[in-house]
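Pasting model_7.txt here (compact mmCIF, C-alpha atoms and all ligand atoms):
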```
# COMPACT_ATOMS: atom_id res chain seq x y z
CA MET Z 1 -50.66 39.49 44.91
CA GLU Z 2 -51.70 35.89 45.27
CA ASP Z 3 -55.48 36.05 45.19
CA HIS Z 4 -56.73 38.00 42.18
CA LYS Z 5 -60.08 36.27 42.10
CA ASN Z 6 -61.72 38.64 44.57
CA ILE Z 7 -60.62 41.93 43.10
CA SER Z 8 -62.04 43.93 40.22
CA PHE Z 9 -60.54 43.85 36.73
CA GLU Z 10 -59.12 47.38 37.14
CA SER Z 11 -57.26 46.34 40.31
CA MET Z 12 -56.14 43.11 38.69
CA CYS Z 13 -54.50 45.14 35.90
CA VAL Z 14 -52.36 46.83 38.57
CA HIS Z 15 -51.65 43.85 40.84
CA ALA Z 16 -51.91 40.54 38.95
CA GLY Z 17 -48.61 38.73 38.54
CA ILE Z 18 -46.89 40.91 41.14
CA ASP Z 19 -45.15 39.08 43.99
CA GLU Z 20 -42.82 39.94 46.86
CA TYR Z 21 -39.34 40.87 45.63
CA GLU Z 22 -35.89 41.38 47.07
CA PHE Z 23 -35.33 44.84 48.64
CA GLY Z 24 -39.10 45.35 48.65
CA SER Z 25 -39.11 46.24 44.97
CA VAL Z 26 -42.70 47.13 44.05
CA VAL Z 27 -42.29 46.12 40.40
CA PRO Z 28 -40.90 42.78 39.17
CA PRO Z 29 -37.14 42.95 38.63
CA ILE Z 30 -35.88 42.39 35.08
CA TYR Z 31 -33.93 39.13 35.11
CA GLN Z 32 -32.00 39.91 31.95
CA THR Z 33 -30.16 36.62 31.88
CA SER Z 34 -30.12 33.80 29.37
CA THR Z 35 -29.25 31.13 31.92
CA PHE Z 36 -29.48 30.32 35.65
CA LYS Z 37 -26.75 28.87 37.87
CA PHE Z 38 -27.51 25.54 39.55
CA LYS Z 39 -26.66 25.07 43.23
CA SER Z 40 -25.13 21.67 42.44
CA ALA Z 41 -25.03 18.97 39.77
CA GLN Z 42 -27.90 17.26 41.58
CA HIS Z 43 -29.94 20.48 41.59
CA GLY Z 44 -29.43 20.92 37.83
CA ALA Z 45 -30.40 17.32 37.16
CA ALA Z 46 -33.49 17.67 39.35
CA LEU Z 47 -34.66 20.79 37.52
CA PHE Z 48 -34.24 19.06 34.15
CA ALA Z 49 -36.23 16.12 35.52
CA GLY Z 50 -39.03 18.56 36.38
CA GLU Z 51 -38.51 18.17 40.13
CA GLY Z 52 -38.51 21.23 42.36
CA LYS Z 53 -38.82 24.94 41.63
CA GLY Z 54 -36.31 26.98 39.70
CA HIS Z 55 -35.28 28.23 36.31
CA ILE Z 56 -32.85 26.64 33.87
CA TYR Z 57 -32.63 28.69 30.70
CA THR Z 58 -34.68 31.70 29.55
CA ARG Z 59 -36.06 29.95 26.44
CA MET Z 60 -37.65 27.53 28.93
CA SER Z 61 -38.70 29.99 31.68
CA ASN Z 62 -37.69 33.22 33.36
CA PRO Z 63 -39.16 34.98 36.43
CA THR Z 64 -39.80 38.32 34.65
CA ILE Z 65 -41.62 36.51 31.86
CA GLU Z 66 -43.61 34.41 34.33
CA ALA Z 67 -44.78 37.51 36.21
CA MET Z 68 -46.24 38.96 32.98
CA GLU Z 69 -47.72 35.58 31.99
CA ASP Z 70 -49.45 35.27 35.39
CA SER Z 71 -50.90 38.74 34.92
CA VAL Z 72 -52.41 38.00 31.47
CA ALA Z 73 -53.67 34.57 32.61
CA ALA Z 74 -55.47 36.26 35.52
CA LEU Z 75 -56.96 39.02 33.33
CA GLU Z 76 -58.32 36.49 30.83
CA GLY Z 77 -59.55 34.17 33.60
CA GLY Z 78 -57.34 31.36 32.26
CA ALA Z 79 -55.20 28.76 33.99
CA LYS Z 80 -51.80 29.63 32.54
CA ALA Z 81 -50.16 31.69 29.81
CA LEU Z 82 -47.12 31.51 27.56
CA GLY Z 83 -45.36 34.69 26.46
CA CYS Z 84 -44.20 34.65 22.82
CA ALA Z 85 -41.93 36.77 20.65
CA SER Z 86 -44.88 38.14 18.64
CA GLY Z 87 -48.55 37.57 18.04
CA MET Z 88 -47.66 35.49 14.98
CA ALA Z 89 -45.27 33.35 17.07
CA ALA Z 90 -48.15 32.67 19.49
CA ILE Z 91 -50.57 31.81 16.68
CA ASN Z 92 -48.02 29.52 15.02
CA VAL Z 93 -47.45 27.61 18.28
CA VAL Z 94 -51.21 27.05 18.60
CA PHE Z 95 -51.39 25.67 15.03
CA ALA Z 96 -48.24 23.56 15.43
CA THR Z 97 -49.53 22.09 18.70
CA PHE Z 98 -53.10 21.24 17.76
CA LEU Z 99 -52.85 20.41 14.03
CA SER Z 100 -51.37 17.35 12.31
CA ALA Z 101 -51.41 16.08 8.73
CA GLY Z 102 -54.96 15.09 7.78
CA ASP Z 103 -56.58 17.47 10.28
CA HIS Z 104 -58.89 20.28 9.26
CA VAL Z 105 -58.88 23.82 10.67
CA LEU Z 106 -61.80 26.19 10.34
CA CYS Z 107 -60.65 29.78 10.43
CA SER Z 108 -62.53 33.11 10.36
CA GLN Z 109 -62.40 34.74 6.96
CA ALA Z 110 -61.62 38.09 8.56
CA VAL Z 111 -58.29 37.56 10.29
CA TYR Z 112 -54.99 39.40 10.32
CA GLY Z 113 -53.45 38.85 6.85
CA PRO Z 114 -50.43 36.74 7.92
CA THR Z 115 -52.67 34.39 9.97
CA ASN Z 116 -54.56 33.61 6.77
CA THR Z 117 -51.34 33.36 4.75
CA LEU Z 118 -49.62 31.11 7.34
CA LEU Z 119 -52.46 28.58 7.24
CA ARG Z 120 -52.93 28.77 3.47
CA THR Z 121 -49.29 28.64 2.39
CA VAL Z 122 -47.42 26.80 5.19
CA TYR Z 123 -49.79 24.45 7.03
CA THR Z 124 -51.34 23.15 3.80
CA ARG Z 125 -47.80 22.02 2.81
CA PHE Z 126 -47.85 19.77 5.88
CA GLY Z 127 -51.16 18.16 4.92
CA VAL Z 128 -53.50 20.33 7.01
CA GLU Z 129 -56.80 21.20 5.33
CA VAL Z 130 -57.95 24.79 5.83
CA SER Z 131 -61.35 26.44 5.39
CA PHE Z 132 -61.84 30.17 5.69
CA VAL Z 133 -65.40 30.78 6.77
CA ASP Z 134 -67.50 33.83 7.50
CA THR Z 135 -67.78 32.97 11.19
CA SER Z 136 -70.36 35.74 11.73
CA ASP Z 137 -72.70 33.31 9.90
CA LEU Z 138 -73.43 30.36 12.22
CA ASN Z 139 -74.89 28.26 9.41
CA ALA Z 140 -71.68 28.66 7.45
CA VAL Z 141 -69.74 27.49 10.54
CA LYS Z 142 -72.00 24.41 10.93
CA GLU Z 143 -71.67 23.55 7.25
CA ALA Z 144 -67.89 23.88 7.26
CA MET Z 145 -67.34 21.52 10.22
CA ARG Z 146 -65.89 18.12 9.23
CA PRO Z 147 -65.13 14.98 11.23
CA GLU Z 148 -61.42 15.92 10.92
CA THR Z 149 -61.94 19.48 12.25
CA LYS Z 150 -59.56 19.76 15.20
CA LEU Z 151 -59.44 23.52 15.61
CA VAL Z 152 -61.87 26.39 15.12
CA TYR Z 153 -59.90 29.62 15.04
CA ILE Z 154 -61.87 32.84 15.53
CA GLU Z 155 -60.94 36.48 15.38
CA THR Z 156 -63.72 38.71 16.67
CA PRO Z 157 -64.02 41.51 15.79
CA GLY Z 158 -62.09 40.39 12.73
CA ASN Z 159 -59.18 42.33 11.29
CA PRO Z 160 -59.93 44.53 9.36
CA THR Z 161 -63.63 44.11 8.52
CA LEU Z 162 -64.71 44.14 12.20
CA ALA Z 163 -67.09 41.25 11.52
CA ILE Z 164 -68.32 39.93 14.87
CA SER Z 165 -68.65 36.20 15.49
CA ASP Z 166 -70.94 34.77 18.18
CA LEU Z 167 -68.46 33.14 20.54
CA GLY Z 168 -70.93 31.15 22.66
CA GLU Z 169 -72.73 29.65 19.66
CA ILE Z 170 -69.50 28.83 17.80
CA VAL Z 171 -68.03 27.13 20.86
CA LYS Z 172 -71.14 24.91 21.05
CA ILE Z 173 -70.84 23.92 17.37
CA ALA Z 174 -67.09 23.30 17.63
CA HIS Z 175 -67.24 21.29 20.85
CA GLU Z 176 -70.11 19.15 19.52
CA GLY Z 177 -67.81 18.34 16.60
CA GLY Z 178 -64.89 17.56 18.92
CA ALA Z 179 -62.82 20.63 17.94
CA LYS Z 180 -61.00 23.05 20.21
CA VAL Z 181 -61.71 26.76 19.92
CA CYS Z 182 -58.95 29.36 19.86
CA VAL Z 183 -59.92 33.04 19.91
CA ASP Z 184 -57.63 35.87 18.87
CA ASN Z 185 -58.71 38.50 21.42
CA THR Z 186 -56.28 41.18 20.24
CA PHE Z 187 -58.88 43.72 19.08
CA MET Z 188 -60.88 43.70 22.32
CA SER Z 189 -58.38 42.76 25.06
CA PRO Z 190 -59.66 41.09 28.24
CA ALA Z 191 -60.90 44.50 29.44
CA LEU Z 192 -63.76 44.23 26.93
CA GLN Z 193 -64.14 40.55 26.01
CA LYS Z 194 -63.35 37.31 27.84
CA PRO Z 195 -63.56 34.37 25.44
CA PHE Z 196 -63.22 31.79 28.27
CA GLU Z 197 -66.57 32.96 29.66
CA PHE Z 198 -68.08 31.74 26.39
CA GLY Z 199 -66.32 28.37 26.56
CA ALA Z 200 -63.25 28.99 24.37
CA ASP Z 201 -60.26 26.71 25.07
CA VAL Z 202 -57.36 28.95 24.08
CA VAL Z 203 -56.94 32.71 23.73
CA VAL Z 204 -54.13 34.37 21.79
CA HIS Z 205 -53.08 38.00 21.64
CA SER Z 206 -50.75 40.14 19.74
CA MET Z 207 -49.57 41.97 22.88
CA THR Z 208 -47.96 44.41 20.46
CA LYS Z 209 -51.42 46.04 20.49
CA PHE Z 210 -53.74 46.96 23.37
CA LEU Z 211 -52.15 44.82 26.11
CA ASN Z 212 -48.83 46.63 25.89
CA GLY Z 213 -50.54 49.70 24.49
CA HIS Z 214 -47.55 51.91 23.78
CA ALA Z 215 -46.36 50.86 20.29
CA ASP Z 216 -42.88 50.04 21.60
CA VAL Z 217 -42.90 46.23 21.86
CA VAL Z 218 -43.61 43.31 19.53
CA ALA Z 219 -44.94 40.40 21.60
CA GLY Z 220 -47.62 37.74 21.80
CA ILE Z 221 -49.23 35.41 24.31
CA ILE Z 222 -51.19 32.16 24.47
CA VAL Z 223 -53.59 31.67 27.39
CA VAL Z 224 -55.20 28.31 28.20
CA LYS Z 225 -58.38 27.66 30.12
CA GLU Z 226 -57.43 24.11 31.13
CA PRO Z 227 -54.05 23.37 32.72
CA SER Z 228 -53.86 20.21 30.55
CA ASP Z 229 -53.45 22.31 27.38
CA TYR Z 230 -50.45 24.15 28.83
CA SER Z 231 -47.78 21.48 28.66
CA PRO Z 232 -48.19 20.53 24.94
CA LEU Z 233 -48.14 24.22 23.96
CA LYS Z 234 -45.14 24.92 26.18
CA LYS Z 235 -43.20 22.04 24.62
CA VAL Z 236 -43.80 23.35 21.10
CA LEU Z 237 -42.94 26.92 22.13
CA ASN Z 238 -39.76 25.75 23.80
CA GLN Z 239 -38.78 23.62 20.79
CA THR Z 240 -39.60 26.24 18.16
CA GLY Z 241 -38.03 29.00 20.26
CA GLY Z 242 -40.36 31.93 19.63
CA VAL Z 243 -40.29 33.09 23.25
CA ILE Z 244 -40.64 36.64 24.55
CA ASP Z 245 -37.57 38.17 26.22
CA PRO Z 246 -37.43 39.49 29.80
CA PHE Z 247 -37.23 43.19 28.91
CA ASN Z 248 -40.23 43.08 26.59
CA SER Z 249 -42.12 41.13 29.25
CA PHE Z 250 -41.35 43.87 31.74
CA LEU Z 251 -42.61 46.53 29.33
CA VAL Z 252 -45.81 44.65 28.55
CA HIS Z 253 -46.45 44.03 32.26
CA ARG Z 254 -45.99 47.76 32.87
CA GLY Z 255 -48.37 48.61 29.99
CA ILE Z 256 -51.04 46.29 31.38
CA LYS Z 257 -51.33 48.36 34.56
CA THR Z 258 -53.22 51.03 32.59
CA LEU Z 259 -55.14 48.63 30.32
CA ALA Z 260 -58.56 49.22 31.91
CA LEU Z 261 -58.14 53.01 31.81
CA ARG Z 262 -56.82 53.03 28.26
CA MET Z 263 -59.58 50.79 26.93
CA GLU Z 264 -62.24 53.07 28.42
CA ARG Z 265 -60.76 56.03 26.54
CA HIS Z 266 -60.22 54.04 23.30
CA CYS Z 267 -63.92 53.10 23.36
CA GLU Z 268 -65.19 56.61 24.18
CA ASN Z 269 -63.03 58.19 21.48
CA ALA Z 270 -63.80 55.60 18.82
CA GLN Z 271 -67.54 55.97 19.40
CA LYS Z 272 -67.29 59.75 18.91
CA VAL Z 273 -65.02 59.43 15.87
CA ALA Z 274 -67.28 56.80 14.28
CA GLU Z 275 -70.34 59.00 14.80
CA PHE Z 276 -68.48 61.96 13.29
CA LEU Z 277 -67.42 59.93 10.25
CA GLU Z 278 -70.89 58.44 9.77
CA LYS Z 279 -72.34 61.95 9.40
CA HIS Z 280 -69.66 63.30 7.06
CA ASP Z 281 -70.67 63.97 3.43
CA LEU Z 282 -67.53 62.39 1.98
CA ILE Z 283 -67.92 59.12 3.87
CA GLN Z 284 -69.75 56.33 2.12
CA SER Z 285 -69.88 53.88 5.04
CA VAL Z 286 -68.43 53.37 8.50
CA THR Z 287 -68.07 50.09 10.35
CA TYR Z 288 -67.73 50.28 14.12
CA PRO Z 289 -69.13 47.72 16.58
CA GLY Z 290 -70.69 50.57 18.60
CA LEU Z 291 -72.81 51.90 15.73
CA ARG Z 292 -76.36 50.59 15.40
CA SER Z 293 -75.63 50.28 11.68
CA HIS Z 294 -73.02 47.54 12.37
CA PRO Z 295 -74.50 44.33 10.92
CA HIS Z 296 -73.62 42.35 14.07
CA TYR Z 297 -74.31 45.08 16.63
CA PHE Z 298 -76.48 42.82 18.82
CA THR Z 299 -74.03 39.91 18.78
CA GLY Z 300 -71.41 42.40 19.95
CA LEU Z 301 -73.62 43.52 22.84
CA LYS Z 302 -73.82 39.91 24.08
CA GLN Z 303 -70.06 39.53 24.36
CA HIS Z 304 -68.35 42.93 24.56
CA LYS Z 305 -68.21 45.25 27.55
CA GLY Z 306 -67.25 48.07 25.18
CA HIS Z 307 -66.91 48.36 21.43
CA GLY Z 308 -63.17 48.84 21.12
CA GLY Z 309 -60.92 51.32 19.39
CA MET Z 310 -60.99 50.04 15.80
CA ILE Z 311 -62.98 51.63 12.96
CA THR Z 312 -63.05 50.95 9.24
CA PHE Z 313 -64.60 53.23 6.67
CA HIS Z 314 -65.01 53.84 2.97
CA LEU Z 315 -64.71 57.21 1.35
CA LYS Z 316 -66.76 58.37 -1.57
CA GLY Z 317 -64.10 58.45 -4.27
CA GLY Z 318 -62.69 55.00 -3.29
CA TYR Z 319 -58.99 54.35 -2.98
CA ASP Z 320 -57.98 57.64 -4.63
CA ALA Z 321 -59.78 59.51 -1.88
CA GLY Z 322 -58.35 57.20 0.83
CA GLU Z 323 -54.84 57.88 -0.41
CA ILE Z 324 -55.35 61.64 -0.21
CA MET Z 325 -56.76 61.31 3.28
CA MET Z 326 -53.86 59.15 4.53
CA ASN Z 327 -51.41 61.67 3.11
CA SER Z 328 -53.24 64.61 4.69
CA VAL Z 329 -53.60 63.60 8.35
CA LYS Z 330 -51.19 65.20 10.82
CA LEU Z 331 -52.10 64.08 14.35
CA CYS Z 332 -53.15 60.61 13.18
CA GLN Z 333 -50.09 58.64 12.12
CA LEU Z 334 -49.96 56.79 8.80
CA ALA Z 335 -48.75 53.44 10.12
CA VAL Z 336 -49.80 49.82 10.50
CA SER Z 337 -50.32 48.15 13.88
CA LEU Z 338 -53.00 49.23 16.32
CA GLY Z 339 -53.93 49.46 19.96
CA GLY Z 340 -51.34 52.06 20.98
CA VAL Z 341 -52.04 55.39 22.63
CA GLU Z 342 -51.63 57.24 19.35
CA THR Z 343 -54.25 57.19 16.57
CA LEU Z 344 -53.06 55.26 13.52
CA ILE Z 345 -54.52 55.16 10.02
CA GLN Z 346 -53.70 52.60 7.31
CA HIS Z 347 -54.94 50.92 4.12
CA PRO Z 348 -55.48 47.15 4.63
CA ALA Z 349 -55.44 46.12 0.93
CA SER Z 350 -51.97 47.57 0.30
CA MET Z 351 -50.58 47.14 3.84
CA THR Z 352 -51.73 44.75 6.61
CA HIS Z 353 -53.64 42.40 4.30
CA PHE Z 354 -51.46 42.73 1.20
CA SER Z 355 -49.87 39.28 1.73
CA MET Z 356 -53.25 37.55 1.27
CA GLY Z 357 -53.44 38.51 -2.40
CA PRO Z 358 -56.51 39.93 -4.19
CA ASP Z 359 -58.60 36.72 -4.28
CA ALA Z 360 -58.34 35.91 -0.57
CA ARG Z 361 -58.96 39.59 0.23
CA LYS Z 362 -62.08 39.63 -1.90
CA GLU Z 363 -63.34 36.46 -0.21
CA ALA Z 364 -62.74 38.06 3.20
CA GLY Z 365 -64.61 41.24 2.24
CA ILE Z 366 -61.53 43.47 2.24
CA ASP Z 367 -61.99 45.79 -0.69
CA GLU Z 368 -59.49 48.21 -2.14
CA GLY Z 369 -61.22 51.32 -0.78
CA MET Z 370 -61.26 50.34 2.90
CA VAL Z 371 -59.36 52.56 5.36
CA ARG Z 372 -58.69 51.41 8.95
CA LEU Z 373 -58.33 53.62 12.00
CA SER Z 374 -56.94 52.59 15.37
CA VAL Z 375 -58.30 55.32 17.59
CA GLY Z 376 -55.86 56.40 20.28
CA ILE Z 377 -56.30 58.09 23.65
CA GLU Z 378 -55.67 61.68 22.55
CA HIS Z 379 -58.52 64.16 23.16
CA TYR Z 380 -61.28 63.09 20.78
CA LYS Z 381 -61.73 66.67 19.60
CA ASP Z 382 -58.15 66.73 18.29
CA ILE Z 383 -58.62 63.43 16.44
CA ILE Z 384 -61.84 64.65 14.85
CA LYS Z 385 -60.26 68.00 13.96
CA ASP Z 386 -57.41 66.21 12.20
CA LEU Z 387 -59.76 63.90 10.30
CA GLU Z 388 -62.01 66.82 9.38
CA ALA Z 389 -59.03 68.77 7.97
CA ALA Z 390 -57.87 65.72 6.00
CA LEU Z 391 -61.39 65.21 4.66
CA TYR Z 392 -61.43 68.83 3.57
CA GLU Z 393 -58.27 68.10 1.54
CA VAL Z 394 -60.02 65.05 0.07
CA GLY Z 395 -63.00 67.18 -0.92
CA GLU Z 396 -60.78 69.77 -2.59
CA ALA Z 397 -58.75 67.17 -4.47
CA LEU Z 398 -61.85 65.28 -5.59
CA THR Z 399 -63.34 68.42 -7.04
CA VAL Z 400 -60.17 69.07 -9.04
CA LYS Z 401 -60.00 65.43 -10.16
CA GLN Z 402 -63.62 65.39 -11.18
CA GLU Z 403 -63.15 68.57 -13.15
CA LYS Z 404 -60.13 67.11 -14.94
CA ASN Z 405 -61.60 63.60 -15.15
CA LEU Z 406 -58.52 62.14 -13.48
CA PHE Z 407 -60.08 59.21 -11.60
CA ARG Z 408 -58.32 55.87 -11.80
N1 LIG U 501 -53.62 39.04 15.55
C1 LIG U 501 -54.17 40.21 15.20
C2 LIG U 501 -55.64 40.39 15.35
C3 LIG U 501 -53.36 41.22 14.69
O1 LIG U 501 -53.95 42.37 14.36
C4 LIG U 501 -51.98 41.00 14.54
C5 LIG U 501 -51.07 42.03 13.99
C6 LIG U 501 -51.46 39.76 14.91
C7 LIG U 501 -52.30 38.81 15.42
C8 LIG U 501 -49.99 39.45 14.79
O2 LIG U 501 -49.32 40.08 15.83
P1 LIG U 501 -47.76 40.49 15.77
O3 LIG U 501 -47.01 39.28 15.33
O4 LIG U 501 -47.64 41.60 14.79
O5 LIG U 501 -47.48 40.88 17.18
N2 LIG U 501 -51.75 43.08 13.36
C9 LIG U 501 -51.23 44.08 12.74
C10 LIG U 501 -51.99 45.03 12.03
O6 LIG U 501 -53.21 44.99 11.86
N3 LIG U 501 -51.20 45.97 11.59
O7 LIG U 501 -49.87 45.66 11.80
C11 LIG U 501 -49.80 44.44 12.59
```
Please, can you express the file's structure as structure tokens?
Amino acid sequence: MEDHKNISFESMCVHAGIDEYEFGSVVPPIYQTSTFKFKSAQHGAALFAGEGKGHIYTRMSNPTIEAMEDSVAALEGGAKALGCASGMAAINVVFATFLSAGDHVLCSQAVYGPTNTLLRTVYTRFGVEVSFVDTSDLNAVKEAMRPETKLVYIETPGNPTLAISDLGEIVKIAHEGGAKVCVDNTFMSPALQKPFEFGADVVVHSMTKFLNGHADVVAGIIVVKEPSDYSPLKKVLNQTGGVIDPFNSFLVHRGIKTLALRMERHCENAQKVAEFLEKHDLIQSVTYPGLRSHPHYFTGLKQHKGHGGMITFHLKGGYDAGEIMMNSVKLCQLAVSLGGVETLIQHPASMTHFSMGPDARKEAGIDEGMVRLSVGIEHYKDIIKDLEAALYEVGEALTVKQEKNLFR
């Protein structure tokens, strides 16, 4: 499928990156090979010199990987993409490509824990200055920009607080200051949010999440808007070696075919679950981009086509109550990660954002009582029934604890 520009997003999910294959195979074959035979010594030398088409070695390129990369590049509306071994591998390649000693990076306060930890504990060792900023506050972004700011790195909605940052306005501020903008689009996927339409330069994904969608692959991707950004990123990826493998590329490419359908259901279910939680007596607060009570609801409306599958909430009774709830669910799985077909529940402070430590968590607004839900594509009634039953257990246990004065 050469021309994806004139077809709808839903059709692109099915056809982008798909070519003509031997034997008329409808899906891309899995080239599970580490290396490719040259036709001659001259052919090998020409490929190494960058002349002519062909593959050399799978760390450098592979047809199965390229098919998946073309698909994600088309879905994001970017020029090219680079498949990586994980979301963190993708993020690391972006940092290693665009940051040097003496440079400054401005990063959203609400980001996946290891993204924060990587910048704070590794890149600072190499002389990179890092500021974590509440990027939902445009004044804070303006104030944090420095002449040495080379990269503005945004996660929106942010993990796990679901803070929403205004992409268009941040891009303006960053570009005026001469910085590139990289957006982690994992939580929304290109089905709901297209950062390039707001002027971003680079998009990264943990494809482990919604893009693959089936909780059976760890993978990442970098997408560039301008072809000129591709080659420096590709060199660093090739040299650092964090590439995706052909089989995982095949699986992700297969998962992408149902992305549009899955995202519709994630959004519908999450809206219903968020509304259920918001009304429940034992819930203190719910954060979901589709609730009018979300502090950045209107910013979200400007840049999202749907509000996504992620919800955070606080129970009355704090962490004690959260722990009982996580131990009581049956359909919802107590596990980290997100974006798969099954509903997952987890506790950011002790799990996904544990590595940040208490101070960085406090700064990012991740308190000890927060519980995060990744709403799957089961029937919403079953998800709500499971949460309702778990909340009943919470209520019972809280009554006993209150009676015995057992609160921590
Ligand atoms: N970006 C975001 C927004 C993420 O949520 C994650 C992982 C990553 C990047 C890193 O991707 P990975 O290397 O795992 O493919 N988030 C996880 C989470 O919230 N729970 O477990 C993993």
Next on the checklist: Rounded to one decimal, what separation in Å do you get between CA of Val181 in chain Z and CA of Val202 in chain Z?
Outcome noted: 6.4 Å
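Taking CA of Lys272 in chain Z and CA of Ile384 in chain Z as endpoints, the distance between them is 8.4 Å.
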Next on the checklist: Let me make sure I understand: among Z:Gly102, Z:Gly127, Z:Pro29, Z:Pro246, which one has the smallest atom-to-atom distance to Met60 in chain Z if we use only C-alpha atoms?
Outcome noted: Z:Pro246
Checklist entry - Within 9 Å of ligand LIG 501 (chain U), counting all atoms listed in the file, which protein or nucleic acid residues do you find, written as a PyMOL selection string? => result chain Z and resi 85-91+111-115+155-160+184-187+204-209+217-220+335-338+346+348+351-353+372
Checklist outcome for this item: Counting only C-alpha atoms, closest pick from Z:Phe354, Z:Tyr57, Z:Tyr288, Z:Phe276 relative to Ser34 in chain Z is Z:Tyr57
Checklist entry - Between CA of Val224 in chain Z and CA of Met263 in chain Z, what is the distance, to one decimal in Å? => result 22.9 Å
Checklist entry - Could you pull the residues within 9 Å of Gly290 in chain Z, counting only C-alpha atoms, minus those fewer than 4 positions along the same chain, as a ChimeraX atom specification? => result /Z:267,270-271,274,294,297,300-301,306-308
Which residues, written as an mmCIF file with C-alpha atoms, in the frame of the given file, have at least one atom at most 8 Å from Leu331 in chain Z, with only C-alpha atoms counted and residues fewer than 6 positions away on the same chain left out?
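So part-v4.cif came out as:
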```cif
data_model
loop_
_atom_site.group_PDB
_atom_site.id
_atom_site.type_symbol
_atom_site.label_atom_id
_atom_site.label_comp_id
_atom_site.auth_asym_id
_atom_site.auth_seq_id
_atom_site.Cartn_x
_atom_site.Cartn_y
_atom_site.Cartn_z
ATOM 1 C CA THR Z 343 -54.250 57.190 16.570
ATOM 2 C CA ASP Z 382 -58.150 66.730 18.290
ATOM 3 C CA ILE Z 383 -58.620 63.430 16.440
ATOM 4 C CA ASP Z 386 -57.410 66.210 12.200
#
```
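Comparing Z:Asp245, Z:Glu143, Z:Glu10, Z:Asp201 by their smallest distance to Ser228 in chain Z, the closest is Z:Asp201 (using all atoms listed in the file).
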Checklist entry - Near Val141 in chain Z, counting all atoms listed in the file, which residues have an atom at most 10 Å away, once you skip same-chain residues fewer than 5 positions from it, shown as a list in words? => result Leu106, Cys107, Ser108, Ser131, Phe132, Val133, Asp134, Thr135, Ser136, Val152, Glu169, Ile170, Ile173 and Ala174 of chain Z
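With all atoms listed in the file as the atoms that count, the minimum distance from Leu291 in chain Z to the choices Z:Leu398, Z:Ile345, Z:Leu162, Z:Leu75 is reached by Z:Leu162.
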